[in-house]
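K.L.:
My file is data05.txt. It has compact mmCIF, C-alpha atoms and all ligand atoms:
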```txt
# COMPACT_ATOMS: atom_id res chain seq x y z
CA MET A 1 18.39 17.03 -12.17
CA GLY A 2 15.34 17.76 -10.12
CA THR A 3 11.81 16.60 -9.66
CA SER A 4 9.03 19.13 -9.78
CA LYS A 5 6.57 18.18 -7.07
CA PRO A 6 3.64 20.53 -7.11
CA GLN A 7 1.10 19.82 -4.39
CA GLY A 8 -2.49 18.96 -4.86
CA GLY A 9 -3.73 19.48 -8.42
CA LEU A 10 -4.72 16.62 -10.66
CA VAL A 11 -2.69 17.40 -13.77
CA GLN A 12 1.01 17.52 -12.94
CA ARG A 13 3.74 18.44 -15.33
CA SER A 14 7.14 16.98 -14.61
CA VAL A 15 9.73 19.34 -16.00
CA TRP A 16 13.29 18.34 -16.75
CA GLY A 17 15.27 21.26 -18.02
CA SER A 18 13.12 22.77 -20.70
CA LEU A 19 11.60 19.47 -21.80
CA ASP A 20 7.94 18.82 -21.18
CA LEU A 21 8.03 15.27 -19.91
CA SER A 22 4.34 14.79 -19.42
CA ILE A 23 3.59 13.66 -22.94
CA TYR A 24 5.03 10.18 -23.27
CA LEU A 25 2.97 7.11 -24.00
CA ASP A 26 5.20 4.52 -22.40
CA ALA A 27 8.70 3.53 -21.27
CA PRO A 28 10.15 2.97 -24.76
CA ALA A 29 9.05 6.48 -25.74
CA VAL A 30 10.84 7.90 -22.69
CA VAL A 31 14.02 5.99 -23.50
CA ARG A 32 13.95 7.18 -27.12
CA ALA A 33 13.52 10.77 -26.04
CA ILE A 34 15.96 11.15 -23.17
CA ALA A 35 18.11 7.97 -22.93
CA PRO A 36 18.24 8.40 -19.15
CA ASN A 37 21.35 7.24 -17.31
CA GLU A 38 19.66 7.54 -13.95
CA PRO A 39 16.56 5.54 -12.98
CA VAL A 40 13.29 7.16 -14.02
CA ILE A 41 10.05 6.58 -12.11
CA LEU A 42 6.98 6.31 -14.33
CA ASN A 43 3.60 7.40 -12.90
CA ARG A 44 0.30 5.99 -14.16
CA PRO A 45 -2.35 8.29 -12.69
CA GLN A 46 -5.09 6.70 -14.76
CA ALA A 47 -4.34 3.25 -13.31
CA ALA A 48 -4.39 4.58 -9.74
CA GLY A 49 -7.61 6.48 -10.46
CA ARG A 50 -9.21 3.30 -11.76
CA ALA A 51 -8.15 1.38 -8.64
CA ALA A 52 -9.60 4.12 -6.43
CA ARG A 53 -12.91 4.09 -8.29
CA PHE A 54 -13.00 0.30 -8.02
CA PHE A 55 -12.67 0.38 -4.22
CA ALA A 56 -14.95 3.41 -3.81
CA THR A 57 -17.64 1.69 -5.89
CA ASN A 58 -17.32 -1.98 -5.02
CA PHE A 59 -16.04 -2.36 -1.48
CA PRO A 60 -19.13 -2.82 0.70
CA GLY A 61 -18.08 -0.06 3.08
CA LYS A 62 -15.50 2.71 3.41
CA SER A 63 -11.98 2.49 1.94
CA LEU A 64 -9.14 4.29 3.72
CA TYR A 65 -5.92 4.63 1.69
CA ALA A 66 -2.93 3.49 3.77
CA VAL A 67 -0.56 6.36 3.01
CA LYS A 68 2.66 4.56 3.91
CA ALA A 69 2.44 2.35 0.81
CA ASN A 70 3.17 5.41 -1.35
CA PRO A 71 2.93 8.94 0.08
CA SER A 72 3.38 10.77 -3.25
CA ALA A 73 1.34 13.99 -3.18
CA ASP A 74 0.40 13.43 -6.82
CA LEU A 75 -0.96 9.97 -6.01
CA LEU A 76 -2.89 11.28 -2.98
CA ALA A 77 -4.57 13.82 -5.27
CA VAL A 78 -5.47 11.17 -7.84
CA LEU A 79 -7.02 8.93 -5.18
CA TRP A 80 -8.97 11.84 -3.67
CA ASP A 81 -10.22 12.94 -7.10
CA ASN A 82 -11.45 9.40 -7.75
CA GLY A 83 -13.49 8.86 -4.62
CA ILE A 84 -11.11 7.96 -1.78
CA THR A 85 -12.16 10.31 1.03
CA HIS A 86 -10.48 8.65 4.03
CA PHE A 87 -6.77 8.22 4.66
CA ASP A 88 -5.01 5.85 7.05
CA THR A 89 -1.95 7.63 8.40
CA ALA A 90 0.64 6.07 10.68
CA SER A 91 2.81 9.03 11.76
CA ILE A 92 2.30 12.71 12.44
CA ALA A 93 4.39 13.44 9.33
CA GLU A 94 1.88 11.50 7.22
CA VAL A 95 -0.99 13.41 8.85
CA ARG A 96 0.68 16.74 7.94
CA LEU A 97 1.50 15.48 4.46
CA VAL A 98 -2.10 14.59 3.60
CA ARG A 99 -3.35 17.90 5.03
CA GLU A 100 -0.75 19.80 2.95
CA ALA A 101 -1.57 17.85 -0.21
CA LEU A 102 -5.36 17.76 0.05
CA GLY A 103 -6.44 20.35 2.59
CA SER A 104 -8.93 19.92 5.40
CA ASP A 105 -11.67 17.94 3.62
CA PRO A 106 -10.35 14.37 3.76
CA THR A 107 -11.01 12.35 6.90
CA LEU A 108 -7.73 11.27 8.47
CA CYS A 109 -7.43 8.26 10.76
CA PHE A 110 -4.31 7.72 12.86
CA MET A 111 -4.00 3.94 12.79
CA HIS A 112 -0.57 3.26 14.29
CA PRO A 113 -1.22 1.51 17.62
CA VAL A 114 1.83 3.09 19.32
CA LYS A 115 2.00 6.89 19.03
CA PRO A 116 3.92 9.68 20.77
CA VAL A 117 1.63 11.77 23.01
CA ALA A 118 2.66 14.92 21.12
CA ALA A 119 1.61 13.32 17.83
CA ILE A 120 -1.84 12.41 19.19
CA HIS A 121 -2.20 15.95 20.57
CA GLU A 122 -1.26 17.63 17.28
CA ALA A 123 -3.39 15.24 15.21
CA TYR A 124 -6.48 15.85 17.34
CA HIS A 125 -6.19 19.53 18.18
CA ILE A 126 -4.59 20.87 14.96
CA HIS A 127 -5.48 18.47 12.16
CA GLY A 128 -8.98 17.40 13.20
CA VAL A 129 -8.18 13.70 13.52
CA ARG A 130 -10.86 11.89 15.54
CA THR A 131 -10.09 8.23 14.77
CA PHE A 132 -7.19 6.46 16.48
CA SER A 133 -6.16 2.84 16.90
CA LEU A 134 -4.67 1.21 19.99
CA ASP A 135 -3.72 -2.19 21.29
CA SER A 136 -2.98 -1.53 24.98
CA HIS A 137 -4.39 0.18 28.08
CA GLU A 138 -1.30 2.46 28.09
CA GLU A 139 -2.13 3.73 24.59
CA LEU A 140 -5.76 4.26 25.57
CA THR A 141 -4.63 6.43 28.49
CA LYS A 142 -2.32 8.43 26.19
CA ILE A 143 -5.15 9.07 23.74
CA VAL A 144 -7.59 10.14 26.49
CA GLU A 145 -5.04 12.53 28.05
CA ALA A 146 -3.78 14.03 24.77
CA THR A 147 -7.28 14.79 23.47
CA ARG A 148 -8.68 16.55 26.55
CA GLY A 149 -10.14 20.01 25.98
CA ARG A 150 -8.80 23.23 27.52
CA ASP A 151 -11.26 22.79 30.35
CA GLY A 152 -9.79 19.37 31.09
CA GLU A 153 -12.91 17.58 29.92
CA PRO A 154 -12.32 14.33 28.05
CA ALA A 155 -13.07 14.38 24.31
CA ALA A 156 -16.58 13.20 23.48
CA ASP A 157 -16.03 12.64 19.76
CA LEU A 158 -13.41 9.89 19.58
CA SER A 159 -13.62 6.88 17.30
CA LEU A 160 -11.26 4.33 18.80
CA CYS A 161 -10.31 1.12 17.03
CA VAL A 162 -8.84 -1.71 19.09
CA ARG A 163 -6.28 -3.59 17.00
CA LEU A 164 -6.68 -7.34 17.36
CA ARG A 165 -3.79 -9.67 16.63
CA VAL A 166 -4.69 -12.07 13.83
CA SER A 167 -2.85 -14.72 11.85
CA SER A 168 -0.68 -13.82 8.84
CA GLU A 169 -0.54 -17.37 7.53
CA TYR A 170 -2.16 -16.57 4.18
CA SER A 171 -0.06 -13.49 3.44
CA GLU A 172 3.29 -12.97 1.76
CA LEU A 173 4.43 -10.43 4.37
CA SER A 174 3.58 -11.02 8.02
CA LEU A 175 2.25 -8.27 10.25
CA ALA A 176 1.33 -10.62 13.06
CA SER A 177 4.07 -10.21 15.63
CA LYS A 178 4.40 -6.49 16.26
CA PHE A 179 0.93 -5.11 16.90
CA GLY A 180 -2.43 -6.26 18.14
CA VAL A 181 -3.95 -7.36 21.43
CA ASP A 182 -4.30 -11.12 21.82
CA LEU A 183 -7.83 -12.46 21.87
CA VAL A 184 -7.42 -13.62 25.49
CA ASP A 185 -6.63 -10.05 26.59
CA ALA A 186 -9.06 -8.26 24.30
CA ALA A 187 -12.22 -8.16 26.47
CA PRO A 188 -10.98 -5.81 29.22
CA LEU A 189 -9.39 -3.48 26.63
CA LEU A 190 -12.57 -3.37 24.53
CA GLN A 191 -14.64 -2.63 27.64
CA ALA A 192 -12.31 0.13 28.83
CA THR A 193 -12.23 1.66 25.34
CA ARG A 194 -16.02 1.51 25.09
CA GLN A 195 -16.19 3.68 28.24
CA VAL A 196 -14.40 6.61 26.57
CA ALA A 197 -15.15 6.19 22.86
CA ASP A 198 -18.05 7.73 21.01
CA CYS A 199 -17.55 5.04 18.35
CA LEU A 200 -15.84 1.75 19.16
CA GLY A 201 -14.12 -0.16 16.38
CA ILE A 202 -12.17 -3.36 16.02
CA CYS A 203 -9.38 -3.45 13.44
CA PHE A 204 -6.78 -5.96 12.34
CA HIS A 205 -4.28 -6.58 9.55
CA VAL A 206 -4.01 -10.01 7.96
CA GLY A 207 -0.54 -9.24 6.56
CA SER A 208 0.34 -7.72 3.23
CA GLN A 209 -0.46 -9.45 -0.08
CA ALA A 210 -3.04 -11.85 1.38
CA MET A 211 -3.25 -14.58 -1.23
CA THR A 212 -6.75 -15.81 -0.35
CA PRO A 213 -9.93 -14.08 0.87
CA PHE A 214 -10.12 -16.77 3.54
CA ALA A 215 -7.53 -14.78 5.52
CA TYR A 216 -10.27 -12.21 6.24
CA VAL A 217 -12.87 -14.83 7.16
CA GLN A 218 -10.54 -16.32 9.70
CA ALA A 219 -9.72 -12.88 11.15
CA LEU A 220 -13.40 -11.92 11.31
CA GLU A 221 -14.10 -15.12 13.25
CA ARG A 222 -11.61 -13.88 15.83
CA VAL A 223 -13.38 -10.52 15.85
CA ARG A 224 -16.64 -12.34 16.55
CA ALA A 225 -15.09 -14.14 19.53
CA ALA A 226 -13.72 -10.85 20.88
CA ILE A 227 -17.10 -9.14 20.63
CA VAL A 228 -18.89 -12.03 22.31
CA GLN A 229 -16.38 -12.25 25.15
CA ALA A 230 -16.38 -8.51 25.80
CA ALA A 231 -20.15 -8.11 25.37
CA VAL A 232 -19.72 -4.58 24.03
CA THR A 233 -21.50 -2.69 21.25
CA VAL A 234 -19.17 -2.32 18.27
CA ASP A 235 -19.71 0.43 15.67
CA ILE A 236 -16.83 -0.11 13.22
CA ILE A 237 -15.32 -3.28 11.79
CA ASP A 238 -12.07 -2.39 10.03
CA VAL A 239 -10.57 -5.28 8.04
CA GLY A 240 -7.31 -3.39 7.42
CA GLY A 241 -5.04 -3.80 4.41
CA GLY A 242 -3.60 -6.88 2.78
CA PHE A 243 -5.55 -6.71 -0.48
CA PRO A 244 -3.16 -8.19 -3.04
CA SER A 245 -1.75 -7.01 -6.34
CA ILE A 246 -0.54 -9.20 -9.19
CA TYR A 247 3.15 -10.13 -9.43
CA PRO A 248 5.02 -12.98 -11.15
CA GLY A 249 4.21 -16.17 -9.27
CA MET A 250 1.58 -14.38 -7.15
CA GLU A 251 -1.77 -14.48 -8.93
CA PRO A 252 -4.51 -13.91 -6.38
CA ALA A 253 -8.26 -14.37 -6.87
CA PRO A 254 -10.17 -11.41 -8.36
CA MET A 255 -10.72 -8.52 -5.94
CA GLU A 256 -14.49 -9.00 -6.21
CA ASP A 257 -14.09 -12.32 -4.40
CA TYR A 258 -12.34 -10.65 -1.49
CA PHE A 259 -15.11 -8.06 -1.21
CA ALA A 260 -17.89 -10.67 -1.42
CA VAL A 261 -16.34 -12.92 1.20
CA ILE A 262 -15.64 -10.02 3.58
CA HIS A 263 -19.15 -8.67 3.09
CA ARG A 264 -20.75 -12.00 3.96
CA ALA A 265 -18.55 -12.62 7.00
CA ALA A 266 -18.99 -9.08 8.34
CA GLU A 267 -22.77 -9.13 7.86
CA SER A 268 -23.07 -12.02 10.28
CA LEU A 269 -21.16 -10.35 13.14
CA PRO A 270 -23.00 -9.31 16.31
CA VAL A 271 -22.47 -5.56 15.83
CA SER A 272 -24.70 -2.53 16.20
CA TYR A 273 -27.39 -2.07 13.55
CA SER A 274 -25.74 1.08 12.20
CA SER A 275 -22.20 -0.29 12.24
CA GLU A 276 -19.75 0.52 9.46
CA LEU A 277 -17.37 -1.71 7.53
CA TRP A 278 -13.96 -0.19 6.74
CA CYS A 279 -10.85 -1.36 4.92
CA GLU A 280 -7.34 0.14 4.65
CA PRO A 281 -5.83 -0.82 1.28
CA GLY A 282 -2.27 0.38 0.67
CA ARG A 283 -0.81 -1.95 -1.92
CA ALA A 284 -4.05 -2.49 -3.87
CA LEU A 285 -4.49 1.25 -4.48
CA SER A 286 -0.87 2.09 -5.28
CA ALA A 287 0.96 -0.89 -6.82
CA GLU A 288 -0.13 -0.15 -10.38
CA TYR A 289 0.80 3.54 -10.08
CA ASN A 290 4.56 3.22 -10.67
CA SER A 291 7.08 1.36 -12.72
CA MET A 292 10.70 2.27 -13.26
CA ILE A 293 13.20 2.47 -16.10
CA VAL A 294 16.66 1.21 -15.12
CA GLN A 295 19.79 0.68 -17.16
CA VAL A 296 22.16 -2.30 -17.26
CA GLU A 297 25.66 -1.05 -16.41
CA LYS A 298 27.50 -4.37 -16.46
CA ARG A 299 26.79 -8.00 -17.16
CA ARG A 300 28.57 -10.89 -15.39
CA GLY A 301 27.06 -14.17 -16.59
CA THR A 302 23.46 -14.13 -15.44
CA GLU A 303 24.06 -11.24 -13.02
CA LEU A 304 23.09 -7.79 -14.23
CA PHE A 305 24.46 -4.70 -12.49
CA ILE A 306 21.70 -2.08 -12.73
CA ASN A 307 21.35 1.49 -11.44
CA GLU A 308 18.60 0.85 -8.84
CA GLY A 309 18.58 -1.59 -5.97
CA ALA A 310 18.08 -2.62 -2.35
CA TYR A 311 18.47 0.94 -1.03
CA GLY A 312 16.08 2.19 -3.66
CA ALA A 313 12.76 1.09 -5.07
CA LEU A 314 13.83 -2.57 -5.12
CA TYR A 315 13.98 -2.88 -1.32
CA ASP A 316 11.45 -5.71 -1.27
CA ALA A 317 13.17 -7.53 -4.15
CA ALA A 318 16.33 -7.63 -2.04
CA HIS A 319 14.95 -8.12 1.45
CA VAL A 320 11.93 -10.38 1.01
CA ASP A 321 12.73 -11.83 -2.45
CA TRP A 322 9.74 -10.06 -4.02
CA ARG A 323 9.53 -10.76 -7.74
CA PHE A 324 8.58 -7.72 -9.77
CA PRO A 325 7.72 -8.08 -13.47
CA VAL A 326 10.45 -6.94 -15.90
CA LYS A 327 10.58 -6.07 -19.56
CA CYS A 328 13.62 -5.38 -21.77
CA LEU A 329 13.14 -2.08 -23.60
CA GLU A 330 15.86 -2.66 -26.21
CA ALA A 331 14.57 -3.34 -29.72
CA GLY A 332 16.32 -6.16 -31.55
CA ARG A 333 17.10 -8.46 -28.62
CA GLY A 334 16.45 -12.17 -29.34
CA GLU A 335 13.45 -14.26 -28.37
CA ALA A 336 15.40 -16.64 -26.11
CA MET A 337 14.91 -15.79 -22.45
CA GLU A 338 17.13 -16.45 -19.48
CA GLU A 339 16.80 -16.00 -15.71
CA PHE A 340 18.87 -13.18 -14.23
CA SER A 341 19.62 -11.73 -10.81
CA PHE A 342 20.37 -8.04 -10.22
CA TYR A 343 23.03 -6.11 -8.34
CA GLY A 344 22.11 -2.53 -7.39
CA PRO A 345 24.39 0.51 -7.71
CA THR A 346 25.74 0.87 -4.14
CA CYS A 347 29.05 -0.63 -3.00
CA ASP A 348 27.29 -3.03 -0.65
CA ASP A 349 27.18 -6.81 -1.25
CA ALA A 350 23.67 -6.80 0.25
CA ASP A 351 22.53 -4.67 -2.69
CA PHE A 352 21.51 -7.87 -4.47
CA MET A 353 18.16 -9.03 -5.85
CA GLU A 354 18.07 -12.72 -6.54
CA GLY A 355 14.93 -12.77 -8.69
CA PRO A 356 14.86 -14.70 -10.93
CA PHE A 357 14.05 -11.99 -13.48
CA ARG A 358 13.32 -13.33 -16.98
CA LEU A 359 14.96 -11.24 -19.69
CA PRO A 360 16.40 -11.80 -23.17
CA ALA A 361 19.44 -14.08 -23.07
CA ASP A 362 21.44 -11.58 -25.15
CA ILE A 363 20.76 -8.53 -22.93
CA GLN A 364 23.83 -6.25 -22.77
CA PRO A 365 25.29 -3.35 -20.81
CA GLY A 366 23.57 -0.14 -21.87
CA ASP A 367 20.19 -1.85 -22.34
CA TYR A 368 17.18 -0.46 -20.55
CA ILE A 369 14.76 -2.52 -18.44
CA GLU A 370 11.34 -1.53 -17.19
CA ILE A 371 10.49 -2.93 -13.76
CA GLY A 372 6.75 -2.95 -13.13
CA MET A 373 4.33 -2.79 -10.19
CA LEU A 374 6.59 -0.60 -8.02
CA GLY A 375 3.89 1.75 -6.76
CA ALA A 376 3.46 -0.01 -3.41
CA TYR A 377 6.47 -0.13 -1.08
CA GLY A 378 8.74 0.50 -4.09
CA ALA A 379 8.90 4.15 -5.06
CA ALA A 380 8.32 4.92 -1.34
CA MET A 381 11.41 3.01 -0.20
CA ARG A 382 14.15 4.98 -1.99
CA THR A 383 17.02 6.28 0.14
CA ARG A 384 19.95 8.54 -0.70
CA PHE A 385 22.51 5.96 0.46
CA ASN A 386 25.81 6.14 -1.43
CA GLY A 387 24.62 9.16 -3.43
CA PHE A 388 21.89 7.36 -5.32
CA GLY A 389 18.11 7.67 -5.09
CA THR A 390 17.69 10.92 -6.98
CA GLY A 391 16.14 11.30 -10.39
CA ILE A 392 12.99 12.27 -12.15
CA ASP A 393 9.48 10.95 -12.52
CA ILE A 394 7.36 11.10 -15.64
CA ASP A 395 3.69 10.42 -16.34
CA VAL A 396 2.95 7.77 -18.96
CA ARG A 397 -0.33 6.61 -20.43
CA ASP A 398 0.03 2.89 -21.13
CA GLU A 399 -1.33 0.04 -19.00
CA PRO A 400 0.54 -1.20 -15.93
CA MET A 401 2.20 -4.60 -16.44
CA SER A 402 -0.69 -6.25 -14.62
CA SER A 403 -3.99 -5.02 -13.23
CA HIS A 404 -6.86 -6.10 -11.03
CA TYR A 405 -9.07 -3.41 -12.47
CA ASN A 406 -9.00 -3.64 -16.27
CA GLY A 407 -11.94 -6.01 -16.51
CA THR A 408 -9.91 -9.11 -17.42
CA ARG A 409 -9.94 -10.81 -14.04
CA ARG A 410 -13.50 -12.01 -13.69
CA ASP A 411 -12.88 -15.60 -14.76
CA PRO A 412 -15.22 -17.54 -12.46
CA ARG A 413 -12.94 -20.59 -12.49
CA GLN A 414 -10.43 -18.59 -10.49
CA SER A 415 -12.94 -18.13 -7.72
CA ASP A 416 -14.06 -21.76 -7.46
CA ASN A 417 -12.09 -22.19 -4.28
CA VAL A 418 -13.69 -19.30 -2.43
CA VAL A 419 -17.40 -19.25 -3.21
CA SER A 420 -18.38 -21.93 -0.72
CA LEU A 421 -16.75 -20.60 2.43
CA ARG A 422 -20.02 -20.12 4.25
C1 LIG A 501 0.59 -1.03 6.12
C2 LIG A 501 -0.78 -0.94 6.64
C3 LIG A 501 -1.88 -1.00 5.77
C4 LIG A 501 -1.75 -1.26 4.29
O1 LIG A 501 -1.46 -2.59 4.06
P1 LIG A 501 -1.44 -3.19 2.55
O2 LIG A 501 -1.02 -4.60 2.76
O3 LIG A 501 -0.47 -2.38 1.80
O4 LIG A 501 -2.82 -3.07 2.02
C5 LIG A 501 -3.14 -0.85 6.30
N1 LIG A 501 -3.33 -0.66 7.63
C6 LIG A 501 -2.30 -0.61 8.50
C7 LIG A 501 -2.59 -0.38 9.93
C8 LIG A 501 -1.00 -0.76 8.04
O5 LIG A 501 0.02 -0.72 8.91
```
What does this structure look like when you write it as structure tokens?
P.N.:
Amino acid sequence: MGTSKPQGGLVQRSVWGSLDLSIYLDAPAVVRAIAPNEPVILNRPQAAGRAARFFATNFPGKSLYAVKANPSADLLAVLWDNGITHFDTASIAEVRLVREALGSDPTLCFMHPVKPVAAIHEAYHIHGVRTFSLDSHEELTKIVEATRGRDGEPAADLSLCVRLRVSSEYSELSLASKFGVDLVDAAPLLQATRQVADCLGICFHVGSQAMTPFAYVQALERVRAAIVQAAVTVDIIDVGGGFPSIYPGMEPAPMEDYFAVIHRAAESLPVSYSSELWCEPGRALSAEYNSMIVQVEKRRGTELFINEGAYGALYDAAHVDWRFPVKCLEAGRGEAMEEFSFYGPTCDDADFMEGPFRLPADIQPGDYIEIGMLGAYGAAMRTRFNGFGTGIDIDVRDEPMSSHYNGTRRDPRQSDNVVSLR
């Protein structure tokens, strides 16, 4: 069994044997046609395209797609075709991947604050990357050295973003401890970076799945303090990722509220007149792109043994108790629901996902389940451990299990708690 992975073009045909698998409406249609006994990834290019257009149109600045959330070449092409022109890469492999998938037109930004010198050199001199992030004087020195011209002259076209440490208290996944310069140490680093940068930026990350727009307000207040203390001219404010998707038990405010609150807070910062506002959504652009069909191989009480797990697309379900939406695909199961946990296919006790996942009480071995919202940090997390992690992917045309972008999430009552922040 193999996956056909053509690079670049918008319309992809997944081919499995001689079957054309690009024609199915939804998961039940796939199950009826091929009764797969390995997990099948479902792609929803139209949902990802809609998310891309939403950010490209509504975010009051530039949106960089954070490639690590889902580096699928097909997804990159969909985002590019729908208005995402900038990509946030975090390794030289991601830089090469985007160049291979989309060519030389997209603007690539290398936003990992700790990079090998060789990676900076290749990104700048071979792939045309001009934007880098940093959170230390050591990294600044590496960037300056690795981007010198043949004549030894320092590069005059660098956009350098200083990563500020901010709180993750409003997010489901913290990104607060690893990267970012503390506010108390930020002024000298901002001043030193200003000396060598053509454009100076400040970036941060509030943590993934930020459940309230207030997370960004609080972070932007710290940005304000950093700018005031350093007394430097700032050209780019980059509010990073963290834009949420919708999962069971995690129903964030509409995305419009996040954009409005960020816009207002950023407008009031003491930055240069021509400054730009950037964001780096990973999850919000990719979560709706994938779901997965899995099969129940054994039932033990309320524990279901399924053929995907902690070493596959359900990494977050196992390691941070993420609750993905589930749907039983078997016709004829009863109405009564029960809460289940999952075991994955490997021989490891840790291959366990507590859930709870609500499924029909009479679900049985052999039944198929669709697990939704796996486009962000799901499909991208699959390993080959224990011989699993292979399989096919198929495009489908139905709606994702939940969406920020289908026009149903503009209920003003949901935004009552955020309109009066300033
Ligand atoms: C992971 C990451 C992102 C994307 O974060 P999401 O929470 O998926 O939006 C953006 N920027 C940086 C620097 C990251 O490391």
K.L.:
Residues up to 9 Å from ligand LIG 501 (chain A), counting only C-alpha atoms and all ligand atoms: could you list those as an NGL selection string?
P.N.:
:A and (64-69 or 88-90 or 110-113 or 133 or 163 or 171 or 173 or 175 or 203-210 or 239-244 or 279-287 or 376-377)
K.L.:
Any idea what's packed within 8 Å of region 293-310 of chain A, counting all atoms listed in the file, ignoring anything in its chain fewer than 2 positions away? Could you give it as an NGL selection string?
P.N.:
:A and (27 or 37-42 or 291 or 312-319 or 338-346 or 350-353 or 364-371 or 389)
K.L.:
Closest to Pro71 (chain A) among A:Met381, A:Cys109, A:Ile246, A:Val326, using all atoms listed in the file?
P.N.:
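So, comparing all the options, the nearest one is A:Met381.
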K.L.:
Separation of CA of Val223 (chain A) and CA of Ala253 (chain A), in Å?
P.N.:
23.6 Å
K.L.:
Taking only C-alpha atoms into account, name the residue in A:Asp348, A:Asp321, A:Asp398, A:Glu276 that is nearest to Lys62 (chain A).
P.N.:
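Checking each candidate against Lys62 (chain A), we get A:Glu276 as the closest.
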